[in-house]
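Coordinates from structure.cif are shown below (mmCIF, C-alpha atoms and all ligand atoms).
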data_model
#
loop_
_atom_site.group_PDB
_atom_site.id
_atom_site.type_symbol
_atom_site.label_atom_id
_atom_site.label_comp_id
_atom_site.auth_asym_id
_atom_site.auth_seq_id
_atom_site.Cartn_x
_atom_site.Cartn_y
_atom_site.Cartn_z
ATOM 1 C CA MET A 1 110.044 24.942 4.024
ATOM 2 C CA ARG A 2 112.651 26.976 5.769
ATOM 3 C CA GLY A 3 113.429 30.616 5.371
ATOM 4 C CA ARG A 4 116.810 32.181 4.895
ATOM 5 C CA VAL A 5 120.055 30.507 5.846
ATOM 6 C CA LYS A 6 123.623 31.515 5.090
ATOM 7 C CA THR A 7 125.792 29.762 2.524
ATOM 8 C CA SER A 8 128.086 28.532 5.283
ATOM 9 C CA GLU A 9 125.121 26.920 7.001
ATOM 10 C CA LEU A 10 124.550 24.820 3.888
ATOM 11 C CA TYR A 11 127.902 23.172 4.547
ATOM 12 C CA SER A 12 126.871 22.362 8.111
ATOM 13 C CA LEU A 13 123.688 20.910 6.697
ATOM 14 C CA LEU A 14 125.665 18.663 4.375
ATOM 15 C CA ARG A 15 127.839 17.500 7.268
ATOM 16 C CA ALA A 16 124.761 16.927 9.404
ATOM 17 C CA ARG A 17 123.521 14.572 6.699
ATOM 18 C CA GLY A 18 126.782 12.668 6.873
ATOM 19 C CA MET A 19 128.123 14.124 3.628
ATOM 20 C CA ARG A 20 131.568 15.494 3.085
ATOM 21 C CA VAL A 21 132.024 19.044 1.899
ATOM 22 C CA THR A 22 134.160 18.267 -1.138
ATOM 23 C CA ALA A 23 135.788 20.828 -3.433
ATOM 24 C CA VAL A 24 133.179 19.996 -6.085
ATOM 25 C CA ARG A 25 130.226 20.464 -3.729
ATOM 26 C CA LYS A 26 131.689 23.726 -2.511
ATOM 27 C CA ALA A 27 132.217 24.959 -6.075
ATOM 28 C CA VAL A 28 128.605 24.126 -6.981
ATOM 29 C CA VAL A 29 127.268 25.951 -3.911
ATOM 30 C CA GLU A 30 129.470 28.964 -4.706
ATOM 31 C CA GLU A 31 128.357 29.165 -8.324
ATOM 32 C CA LEU A 32 124.709 28.681 -7.390
ATOM 33 C CA SER A 33 124.873 31.401 -4.770
ATOM 34 C CA SER A 34 126.369 33.871 -7.256
ATOM 35 C CA ARG A 35 122.949 34.368 -8.821
ATOM 36 C CA ARG A 36 119.329 33.820 -8.033
ATOM 37 C CA HIS A 37 118.475 31.214 -10.677
ATOM 38 C CA SER A 38 121.019 29.188 -12.597
ATOM 39 C CA ASP A 39 120.415 27.497 -15.878
ATOM 40 C CA ALA A 40 121.829 23.945 -15.740
ATOM 41 C CA GLU A 41 123.850 24.198 -18.949
ATOM 42 C CA GLU A 42 125.246 27.602 -18.135
ATOM 43 C CA LEU A 43 126.129 26.343 -14.650
ATOM 44 C CA CYS A 44 128.055 23.466 -16.262
ATOM 45 C CA GLN A 45 130.013 25.939 -18.368
ATOM 46 C CA ARG A 46 130.898 28.110 -15.398
ATOM 47 C CA LEU A 47 131.985 25.060 -13.409
ATOM 48 C CA ALA A 48 133.918 23.566 -16.319
ATOM 49 C CA ALA A 49 136.126 26.657 -16.080
ATOM 50 C CA ARG A 50 136.864 25.558 -12.517
ATOM 51 C CA GLY A 51 137.690 22.026 -13.612
ATOM 52 C CA VAL A 52 134.408 20.403 -12.573
ATOM 53 C CA SER A 53 133.019 17.931 -15.079
ATOM 54 C CA ARG A 54 129.466 18.039 -16.372
ATOM 55 C CA ALA A 55 128.745 14.630 -14.808
ATOM 56 C CA SER A 56 129.900 15.890 -11.401
ATOM 57 C CA VAL A 57 127.706 18.963 -11.704
ATOM 58 C CA TYR A 58 124.590 16.927 -12.458
ATOM 59 C CA ARG A 59 125.417 14.361 -9.798
ATOM 60 C CA THR A 60 125.883 17.124 -7.224
ATOM 61 C CA LEU A 61 122.703 18.926 -8.274
ATOM 62 C CA SER A 62 120.602 15.800 -7.949
ATOM 63 C CA LEU A 63 122.129 15.058 -4.551
ATOM 64 C CA PHE A 64 121.403 18.637 -3.411
ATOM 65 C CA GLU A 65 117.906 18.391 -4.808
ATOM 66 C CA ARG A 66 117.266 15.132 -2.961
ATOM 67 C CA ILE A 67 118.217 16.629 0.392
ATOM 68 C CA GLY A 68 116.404 19.900 -0.291
ATOM 69 C CA ILE A 69 119.344 22.297 -0.534
ATOM 70 C CA VAL A 70 118.593 22.997 -4.155
ATOM 71 C CA SER A 71 115.300 23.216 -5.891
ATOM 72 C CA ARG A 72 114.852 22.607 -9.559
ATOM 73 C CA ALA A 73 112.803 25.696 -9.754
ATOM 74 C CA LEU A 74 111.799 25.757 -13.344
ATOM 75 C CA TYR A 75 111.007 23.077 -15.814
ATOM 76 C CA GLY A 76 111.092 25.346 -18.841
ATOM 77 C CA GLU A 77 110.726 24.247 -22.425
ATOM 78 C CA ARG A 78 114.451 23.736 -22.912
ATOM 79 C CA HIS A 79 116.219 24.239 -19.608
ATOM 80 C CA SER A 80 116.147 23.292 -15.985
ATOM 81 C CA HIS A 81 116.904 26.097 -13.611
ATOM 82 C CA PHE A 82 118.243 25.580 -10.142
ATOM 83 C CA GLU A 83 118.364 27.746 -7.087
ATOM 84 C CA LEU A 84 119.559 27.391 -3.515
ATOM 85 C CA ALA A 85 116.152 26.895 -1.994
ATOM 86 C CA LEU A 86 117.141 27.430 1.613
ATOM 87 C CA LEU A 87 118.709 30.804 0.980
ATOM 88 C CA HIS A 88 115.394 32.355 0.043
ATOM 89 C CA GLN A 89 111.949 32.718 1.469
ATOM 90 C CA PRO A 90 109.559 30.143 0.023
ATOM 91 C CA HIS A 91 108.337 31.469 -3.290
ATOM 92 C CA ASP A 92 106.958 30.283 -6.577
ATOM 93 C CA HIS A 93 107.487 31.185 -10.209
ATOM 94 C CA LEU A 94 105.739 32.447 -13.286
ATOM 95 C CA VAL A 95 107.675 31.562 -16.424
ATOM 96 C CA CYS A 96 107.155 33.151 -19.807
ATOM 97 C CA ILE A 97 107.329 30.481 -22.532
ATOM 98 C CA ARG A 98 108.151 33.118 -25.141
ATOM 99 C CA CYS A 99 110.968 35.233 -23.701
ATOM 100 C CA GLY A 100 112.001 33.094 -20.732
ATOM 101 C CA ARG A 101 111.295 35.835 -18.193
ATOM 102 C CA VAL A 102 110.989 34.487 -14.643
ATOM 103 C CA VAL A 103 108.756 36.272 -12.168
ATOM 104 C CA GLU A 104 108.905 35.250 -8.534
ATOM 105 C CA PHE A 105 105.960 35.610 -6.265
ATOM 106 C CA GLU A 106 105.249 34.910 -2.627
ATOM 107 C CA CYS A 107 101.741 33.943 -1.703
ATOM 108 C CA HIS A 108 100.791 33.282 1.893
ATOM 109 C CA GLU A 109 97.669 31.537 0.734
ATOM 110 C CA VAL A 110 99.779 28.979 -1.181
ATOM 111 C CA ASP A 111 101.974 28.510 1.913
ATOM 112 C CA ARG A 112 98.892 28.054 4.069
ATOM 113 C CA LEU A 113 97.473 25.455 1.662
ATOM 114 C CA GLN A 114 100.820 23.677 1.617
ATOM 115 C CA ALA A 115 100.835 23.464 5.415
ATOM 116 C CA GLU A 116 97.320 22.061 5.326
ATOM 117 C CA ILE A 117 98.158 19.448 2.674
ATOM 118 C CA LEU A 118 101.329 18.409 4.521
ATOM 119 C CA LYS A 119 99.437 18.022 7.777
ATOM 120 C CA GLU A 120 96.756 15.944 6.117
ATOM 121 C CA HIS A 121 99.344 13.532 4.706
ATOM 122 C CA GLY A 122 101.858 13.670 7.560
ATOM 123 C CA PHE A 123 104.479 14.713 5.048
ATOM 124 C CA GLU A 124 107.812 16.446 5.712
ATOM 125 C CA PRO A 125 108.752 18.622 2.720
ATOM 126 C CA VAL A 126 112.199 19.265 1.288
ATOM 127 C CA GLY A 127 110.897 21.444 -1.516
ATOM 128 C CA ARG A 128 108.050 22.214 -3.841
ATOM 129 C CA VAL A 129 107.590 23.077 -7.472
ATOM 130 C CA PHE A 130 104.728 25.378 -8.275
ATOM 131 C CA GLU A 131 105.258 26.935 -11.646
ATOM 132 C CA ILE A 132 102.815 28.717 -13.872
ATOM 133 C CA ARG A 133 103.831 28.829 -17.531
ATOM 134 C CA GLY A 134 102.427 31.316 -19.926
ATOM 135 C CA LEU A 135 102.989 34.670 -21.525
ATOM 136 C CA CYS A 136 104.259 37.675 -19.629
ATOM 137 C CA GLN A 137 102.563 41.026 -20.049
ATOM 138 C CA GLN A 138 105.054 42.265 -22.662
ATOM 139 C CA CYS A 139 104.746 39.102 -24.737
ATOM 140 C CA ARG A 140 100.972 39.171 -24.496
ATOM 141 C CA MET A 141 101.001 42.665 -25.976
ATOM 142 C CA LYS A 142 103.311 41.559 -28.795
ATOM 143 C CA VAL A 143 101.169 38.599 -29.738
ATOM 144 C CA ALA A 144 97.837 40.258 -29.037
ATOM 145 C CA GLY A 145 95.440 39.172 -31.720
ATOM 146 C CA GLY A 146 97.861 36.434 -32.799
ATOM 147 C CA LYS A 147 97.507 32.694 -32.520
ATOM 148 C CA LEU A 148 99.399 32.499 -29.240
ATOM 149 C CA MET A 149 96.574 34.161 -27.318
ATOM 150 C CA HIS A 150 95.040 31.787 -24.881
ATOM 151 C CA ARG A 151 91.309 31.305 -25.258
ATOM 152 C CA ALA A 152 90.675 32.357 -21.685
ATOM 153 C CA THR A 153 92.215 35.753 -22.336
ATOM 154 C CA GLU A 154 90.213 36.416 -25.483
ATOM 155 C CA LYS A 155 87.323 38.765 -25.171
ATOM 156 C CA GLN A 156 83.949 37.233 -25.636
ATOM 157 C CA ARG A 157 81.933 38.721 -28.430
HETATM 158 ZN ZN ZN A 201 107.618 37.093 -22.165
HETATM 159 ZN ZN ZN A 202 113.150 31.606 -7.416
#
Output the file's structure in the form of structure tokens.
Amino acid sequence: MRGRVKTSELYSLLRARGMRVTAVRKAVVEELSSRRHSDAEELCQRLAARGVSRASVYRTLSLFERIGIVSRALYGERHSHFELALLHQPHDHLVCIRCGRVVEFECHEVDRLQAEILKEHGFEPVGRVFEIRGLCQQCRMKVAGGKLMHRATEKQR
């Protein structure tokens, strides 16, 4: 995966792939770049205000995902989140299933393993999804002793 690129370079990337930079595609890139992670539904609402239909948003997102501009970072319980993958260093996510908190982490060991796996299979990546779902520290404290505690975190007696 690549490191940081500028928003304007995303347009060159689209053109390089033989795709036109339409008003809709530009609007989606602009809205995505306005925050780190965008919830799909909320993105639709923001774009609806700019006259972009829900169908166009989803069509554009899946196109961007296919060519690796966007990564569907989080497959949460209810929502898909998207981010402009190429604008950030490769990173992965921890997602709290209780409060929805998203924690990003960079792990060189994961990157090293990825490189190894890609080499072994002769594979050229456009993105990766590595997401750990669970309870964040705050939520673990709130539910401590409750049913939500995972067995592995319970103290052995
Ligand atoms: Zn939480
Ligand atoms: Zn992220």
Once you count only C-alpha atoms, which residues end up no further than 12 Å from (121.9, 26.4, -14.9) in the file's frame, shown as a PDB file with C-alpha atoms, in the coordinates of the input?
ATOM      1  CA  VAL A  28     128.605  24.126  -6.981  1.00  0.00           C
ATOM      2  CA  GLU A  31     128.357  29.165  -8.324  1.00  0.00           C
ATOM      3  CA  LEU A  32     124.709  28.681  -7.390  1.00  0.00           C
ATOM      4  CA  SER A  33     124.873  31.401  -4.770  1.00  0.00           C
ATOM      5  CA  SER A  34     126.369  33.871  -7.256  1.00  0.00           C
ATOM      6  CA  ARG A  35     122.949  34.368  -8.821  1.00  0.00           C
ATOM      7  CA  ARG A  36     119.329  33.820  -8.033  1.00  0.00           C
ATOM      8  CA  HIS A  37     118.475  31.214 -10.677  1.00  0.00           C
ATOM      9  CA  SER A  38     121.019  29.188 -12.597  1.00  0.00           C
ATOM     10  CA  ASP A  39     120.415  27.497 -15.878  1.00  0.00           C
ATOM     11  CA  ALA A  40     121.829  23.945 -15.740  1.00  0.00           C
ATOM     12  CA  GLU A  41     123.850  24.198 -18.949  1.00  0.00           C
ATOM     13  CA  GLU A  42     125.246  27.602 -18.135  1.00  0.00           C
ATOM     14  CA  LEU A  43     126.129  26.343 -14.650  1.00  0.00           C
ATOM     15  CA  CYS A  44     128.055  23.466 -16.262  1.00  0.00           C
ATOM     16  CA  GLN A  45     130.013  25.939 -18.368  1.00  0.00           C
ATOM     17  CA  ARG A  46     130.898  28.110 -15.398  1.00  0.00           C
ATOM     18  CA  LEU A  47     131.985  25.060 -13.409  1.00  0.00           C
ATOM     19  CA  ARG A  54     129.466  18.039 -16.372  1.00  0.00           C
ATOM     20  CA  VAL A  57     127.706  18.963 -11.704  1.00  0.00           C
ATOM     21  CA  TYR A  58     124.590  16.927 -12.458  1.00  0.00           C
ATOM     22  CA  LEU A  61     122.703  18.926  -8.274  1.00  0.00           C
ATOM     23  CA  VAL A  70     118.593  22.997  -4.155  1.00  0.00           C
ATOM     24  CA  SER A  71     115.300  23.216  -5.891  1.00  0.00           C
ATOM     25  CA  ARG A  72     114.852  22.607  -9.559  1.00  0.00           C
ATOM     26  CA  ALA A  73     112.803  25.696  -9.754  1.00  0.00           C
ATOM     27  CA  LEU A  74     111.799  25.757 -13.344  1.00  0.00           C
ATOM     28  CA  TYR A  75     111.007  23.077 -15.814  1.00  0.00           C
ATOM     29  CA  GLY A  76     111.092  25.346 -18.841  1.00  0.00           C
ATOM     30  CA  ARG A  78     114.451  23.736 -22.912  1.00  0.00           C
ATOM     31  CA  HIS A  79     116.219  24.239 -19.608  1.00  0.00           C
ATOM     32  CA  SER A  80     116.147  23.292 -15.985  1.00  0.00           C
ATOM     33  CA  HIS A  81     116.904  26.097 -13.611  1.00  0.00           C
ATOM     34  CA  PHE A  82     118.243  25.580 -10.142  1.00  0.00           C
ATOM     35  CA  GLU A  83     118.364  27.746  -7.087  1.00  0.00           C
ATOM     36  CA  LEU A  84     119.559  27.391  -3.515  1.00  0.00           C
TER      37      LEU A  84
END
For ligand ZN 201 (chain A), which residue out of A:Thr22, A:Ser53, A:Gln114, A:Gln138 is the nearest one, using all atoms listed in the file?
A:Gln138
Nearby residues, ligand ZN 201 (chain A), 7 Å, all atoms listed in the file, as a PyMOL selection string
chain A and resi 96-101+135-139
As an exercise, work out the distance from atom CA of A:Leu87 to atom CA of A:Glu109 in Å and give it to one decimal place.
21.1 Å
Quick one: which residues end up in the PyMOL selection byres (((chain A and resi 106) around 10) and not hetatm) for this structure, as a PyMOL selection string?
chain A and resi 89-93+104-105+107-111
Mind writing the picked residues with C-alpha atoms as a PDB file, keeping the file's coordinate frame?
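The result, stored in again10.pdb:
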ATOM      1  CA  GLN A  89     111.949  32.718   1.469  1.00  0.00           C
ATOM      2  CA  PRO A  90     109.559  30.143   0.023  1.00  0.00           C
ATOM      3  CA  HIS A  91     108.337  31.469  -3.290  1.00  0.00           C
ATOM      4  CA  ASP A  92     106.958  30.283  -6.577  1.00  0.00           C
ATOM      5  CA  HIS A  93     107.487  31.185 -10.209  1.00  0.00           C
ATOM      6  CA  GLU A 104     108.905  35.250  -8.534  1.00  0.00           C
ATOM      7  CA  PHE A 105     105.960  35.610  -6.265  1.00  0.00           C
ATOM      8  CA  CYS A 107     101.741  33.943  -1.703  1.00  0.00           C
ATOM      9  CA  HIS A 108     100.791  33.282   1.893  1.00  0.00           C
ATOM     10  CA  GLU A 109      97.669  31.537   0.734  1.00  0.00           C
ATOM     11  CA  VAL A 110      99.779  28.979  -1.181  1.00  0.00           C
ATOM     12  CA  ASP A 111     101.974  28.510   1.913  1.00  0.00           C
TER      13      ASP A 111
END
Spatial neighbours of stretch 122-126 of chain A, 6 Å, only C-alpha atoms, chain gap at least 3 places, as a list in words:
Gly68, Leu118 and Lys119 of chain A
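Distance annotation: of A:Arg17, A:Arg133, A:Lys142, A:Arg50, the residue with the minimal separation from A:Ile69 is A:Arg17; atom set is only C-alpha atoms.
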Between atom CA of A:Val29 and atom CA of A:Tyr11 - distance in Å to one decimal
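Straight-line distance from atom CA of A:Tyr11 to atom CA of A:Val29 works out to 8.9 Å.
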Option closest in space to A:Leu63, from A:Val95, A:Leu86, A:Met19, A:Ile117 [counting only C-alpha atoms]
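That would be A:Met19, the residue with the smallest distance to A:Leu63.
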Take atom CA of A:Val24 and atom ZN of ligand ZN 202 (chain A) and report the distance between them in Å, one decimal.
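Atom-to-atom, atom CA of A:Val24 and atom ZN of ligand ZN 202 (chain A) are spaced 23.2 Å apart.
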From the set A:Ala85, A:Ala115, A:Arg140, A:Arg128, which residue has the shortest atom-to-atom contact distance to ligand ZN 202 (chain A), counting only C-alpha atoms and all ligand atoms?
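Of A:Ala85, A:Ala115, A:Arg140, A:Arg128, the one nearest ligand ZN 202 (chain A) is A:Ala85, counting only C-alpha atoms and all ligand atoms.
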For the PyMOL selection byres (((chain A and resi 131) around 6) and not hetatm), applied here, can you spell out every residue it catches as a ChimeraX atom specification?
/A:93-94,130,132
Writer output for current selection, C-alpha atoms, as a PDB file, keeping the file's coordinate frame:
ATOM      1  CA  HIS A  93     107.487  31.185 -10.209  1.00  0.00           C
ATOM      2  CA  LEU A  94     105.739  32.447 -13.286  1.00  0.00           C
ATOM      3  CA  PHE A 130     104.728  25.378  -8.275  1.00  0.00           C
ATOM      4  CA  ILE A 132     102.815  28.717 -13.872  1.00  0.00           C
TER       5      ILE A 132
END
